[in-house]
Structure formats: C-alpha cells, structure tokens
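What follows is a short report on a single structure.
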Amino acid sequence: MSTASGPARPGQILTPRTITLIAVLVALTALFGWLSSLMYADALSDAAYAAAYWYGTGLQVVFAVVIVLVALGIGLHQHVGKQWLFVGLGVVAYALGDITWTILDLHMGLDPYPSIADIFYTLEYVFFFAAIVLAIRSYRALTSLRGPVVFGLLVGGVAAAVIYLSLLRPYILPAGAEELGLWGLVVSTLYPVGDVFLMLAPAVTLAIVIMRLGAGRLAWPWWLVVVGAFVFSLTDSFYSYVDWAGTGSNVFLDMGWMVANLIFAVAALVARNIYRPS
Amino acid sequence: MSLISQRVVDILGPYVGETVADTCVRASALSLGKTTDDLTAADFPALEANVRRLLGPMAPSDVIDRLLADIERGIS
C-alpha cells in the first residue's frame, strides 16, 4: 500500500510526500485567494478580516520556513545549499516585512508605507540577487556567461526605460522628497528599480544560461525560480503603477507576491527531491 | 563514442542535460590528451575529477557521488 510519505517509484522524480506538500501549499494559497476576494468585497466582519489578514501573513512565513529547511537539509557547506539559503532568506525578509506591515496597518492604525516594513521588503531583492548570482556562477566552468549577462542587462535596460517613462518620470520624481519625504522617495524609486535590476535581469540571465545548456532535472528548480521572479517583478511593478496612477489594485494583483513566494517554496521542494539519494 | 563516454552521457544526461554531460567527457579526454573515443575504464579517475569540478557548484556532493558510482558500475 502506498503512503503519502513513501518513496518515489522508479522513473518518478517527485515523491508522493513532495507532491502532497506542494498540493497543500497550493490549496492554502488558493484559500487565501478566496479570503482576499472577500476582503476586497468588504464581506468580512472585523474579526474575520483580521484573521484573513494574518492568515496571508502567516502563509508567507510558511513559505520562508519551507525554503530555509530545504537549504539546511541540503547543507550549508554545499555550494547549492548556500544558493537555496539565500532564496529562503529573501522570503524570510519578505515575511518579516509582511508581519511588520500587518501590525502597523491592522493593529496600530498607521500608514505602513513608507515604514520599517520597506527595509525587509527590499531585502528580498538583495538576497534573491545573491542567490541568482551564485546559481549563474555555478555554470561558469561550462559556458561563457558574457552573452547571457549582456542579454539580461539589455532586457533590464528596456524594462528600466518602461519603468522610467510610465512611473518615475510622470509620478515619483515630480512628487519628490517634498511630497514623499526622503525615505518615501528612496523606497518608491527602489522598488521598481529593484524589480528590474535585482529580480528580472538576473532571472533572464539565469534562464538564458540554463536554456543554452539544455539542462536536465538539476535545472528544474531554477526554472521555477525564474518563473517566480517574473511573477514577483511584474506584480511589484504593476502595483507601483496602479498605486501611483490611482487606478486601484485588485485581488489578482495582490495575490502576485503570494504566488511568487509560493513558486519559490515549490521550487525548493522540487530541489529537495531532485537532490535526494535514490 | 567509447563505452565510458556513452555511459557518462547516459547517467549524467537526465540530471544536467546532454550538453553538460558531453562537456564532462570532452574535458576529461582533453586533460588526458585523448579523444572521447579513446577513453577507457582506466581513465575513470580523470573523469571523476572533472565531473566533481564541473558539477560541484550545481549539485550536492552526495548526488555527484551517486552518479559517479553509477558510471563506475557500468564500466567496470
């Protein structure tokens, strides 16, 4: 009789336990999507709204814990263990940002933007960038990295131009430090720029490296990380735009960060399976 | 392609892709001044060193140990 924690059958890459864990994370995220739609529709009591708010924040903590545990399981003495630790620390930083945001917004009645939460949120870029750079460098003995890096920077340059023309020039820079305060101006600029140069461009570079090598299953988790980075950077950039343009956010946009961090957690679980002894 | 070269591609290919597996074989042959067709079971130590050097940054050492053991089992 097979069990959820049993080993994978021959030829099967993911174990039943991993598939179950992934299904649970996806189901928990879908539940938050439903709760989030109720929050947007103002269909919850104050207590239910607070519980749903904390549920979403708690889910980010779960994603962070999953990735860090996978990294520790691989071993930090391993090069690849360090790569996953940085991915995990990025999601830890995001979760700490969410906890801070929730406390400021829900319990203290303060405007959480800009605030100390932004320090944690922007740290995700730093850790993610470190993880991707380490992952890219792990292929340096196998292929020239110059082409992929140049292509990544080109994509980043185009995306930066779009961000400048649609966000920075019409909204953020004219508002300046007088309207936003110095800290507000810094983080308002840092988010879209970080999305482009610390998330999108490195992810594109990694995708090109992997694609060029026609990589096997060791690359699967990194493909997921690339997808997660696209979702994260697109969500973040669109959120900045709708916030400044005043068009209003929606539940799908708000789910973007959750889905991105879910994809990072799923990537870590897939990596854990691929690295397991047969 | 020699038996050992084919064995390396067969074992490493699903994990790192055929391009990288082939690079491991060619790097080993090059380090010995041979062609990939001339590699034999006696060249396994050179192959092992190159596989560890090239794959070390992208896979845990126990995975590499297992793959090398699979290769060695098929050529001895």
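Just so we're on the same page: first chain in the structure tokens is A, next is B, and so on; residues restart at 1 for each chain, and ligands are numbered from 1 in the order they show up.
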
Leu68 of chain B environment, 10 Å, only C-alpha atoms, sequence neighbours closer than 5 positions dropped, as a PyMOL selection string:
chain B and resi 8+11-12+44+47-48+51-52+62-63+73-74

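The residues of chain A lying at most 6 Å from chain B, with only C-alpha atoms taken into account, are Gln78, His79, Val80, Ser138, Leu213, Gly214, Ala215, Gly216, Arg217 and Leu218 of chain A.
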
Selection file, C-alpha atoms, as a PDB file, in the first residue's frame:
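Wrote selection.pdb, looks like this:
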ATOM      1  CA  GLN A  78      27.364  22.693  -0.103  1.00  0.00           C
ATOM      2  CA  HIS A  79      27.525  25.410  -2.759  1.00  0.00           C
ATOM      3  CA  VAL A  80      23.953  24.660  -3.811  1.00  0.00           C
ATOM      4  CA  SER A 138      27.771  27.635 -10.788  1.00  0.00           C
ATOM      5  CA  LEU A 213      22.974  24.225 -21.799  1.00  0.00           C
ATOM      6  CA  GLY A 214      19.741  22.337 -22.451  1.00  0.00           C
ATOM      7  CA  ALA A 215      19.941  21.431 -18.799  1.00  0.00           C
ATOM      8  CA  GLY A 216      18.385  18.352 -17.206  1.00  0.00           C
ATOM      9  CA  ARG A 217      16.470  17.935 -13.969  1.00  0.00           C
ATOM     10  CA  LEU A 218      19.021  19.773 -11.790  1.00  0.00           C
TER      11      LEU A 218
END

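For Ile116 of chain A, the non-local neighbours within 9 Å, defined as residues at least 5 positions apart in the same chain or in other chains and counting only C-alpha atoms, are Gly97, Thr100 and Trp101 of chain A.
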
Take atom CA of Met39 of chain A and atom CA of Gly56 of chain A and report the distance between them in Å, one decimal.
11.5 Å

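Across the structure, atom CA of Tyr241 of chain A and atom CA of Ala175 of chain A are spaced 14.2 Å apart.
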
For Leu38 of chain A: contacts at 10 Å, only C-alpha atoms, fewer than 4 positions along chain excluded, given as JSON, numbers by chain:
{"A": [32, 33, 34, 42, 43, 44, 48, 49, 52, 251]}

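For segment 182-190 of chain A, the residues within 7 Å (counting only C-alpha atoms, excluding itself and residues fewer than 6 positions away along the chain) are Pro114, Ile172 and Gly176 of chain A.
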
Preceding selection exported with N, CA and C atoms as a PDB file, in the first residue's frame:
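Output below, filename result32.pdb:
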ATOM      1  N   PRO A 114       5.527  54.835   3.593  1.00  0.00           N
ATOM      2  CA  PRO A 114       6.725  54.029   3.835  1.00  0.00           C
ATOM      3  C   PRO A 114       6.918  53.777   5.330  1.00  0.00           C
ATOM      4  N   ILE A 172       6.677  59.600  -9.688  1.00  0.00           N
ATOM      5  CA  ILE A 172       7.521  59.567  -8.491  1.00  0.00           C
ATOM      6  C   ILE A 172       8.485  60.749  -8.430  1.00  0.00           C
ATOM      7  N   GLY A 176       8.734  63.944  -5.643  1.00  0.00           N
ATOM      8  CA  GLY A 176       9.982  64.288  -4.969  1.00  0.00           C
ATOM      9  C   GLY A 176       9.948  64.109  -3.459  1.00  0.00           C
TER      10      GLY A 176
END

From a DSSP pass on the backbone, collect the residues of chain B flagged as alpha helix (DSSP H) and hand them back as a VMD selection string.
chain B and resid 3 to 32 44 to 55 61 to 75

Tell me, as a PyMOL selection string, which residues lie within 12 Å of Leu234 of chain A, counting only C-alpha atoms; anything in the same chain fewer than 2 positions away does not count.
chain A and resi 159+163+191-196+199-200+227-232+236-241+253-257+259-260
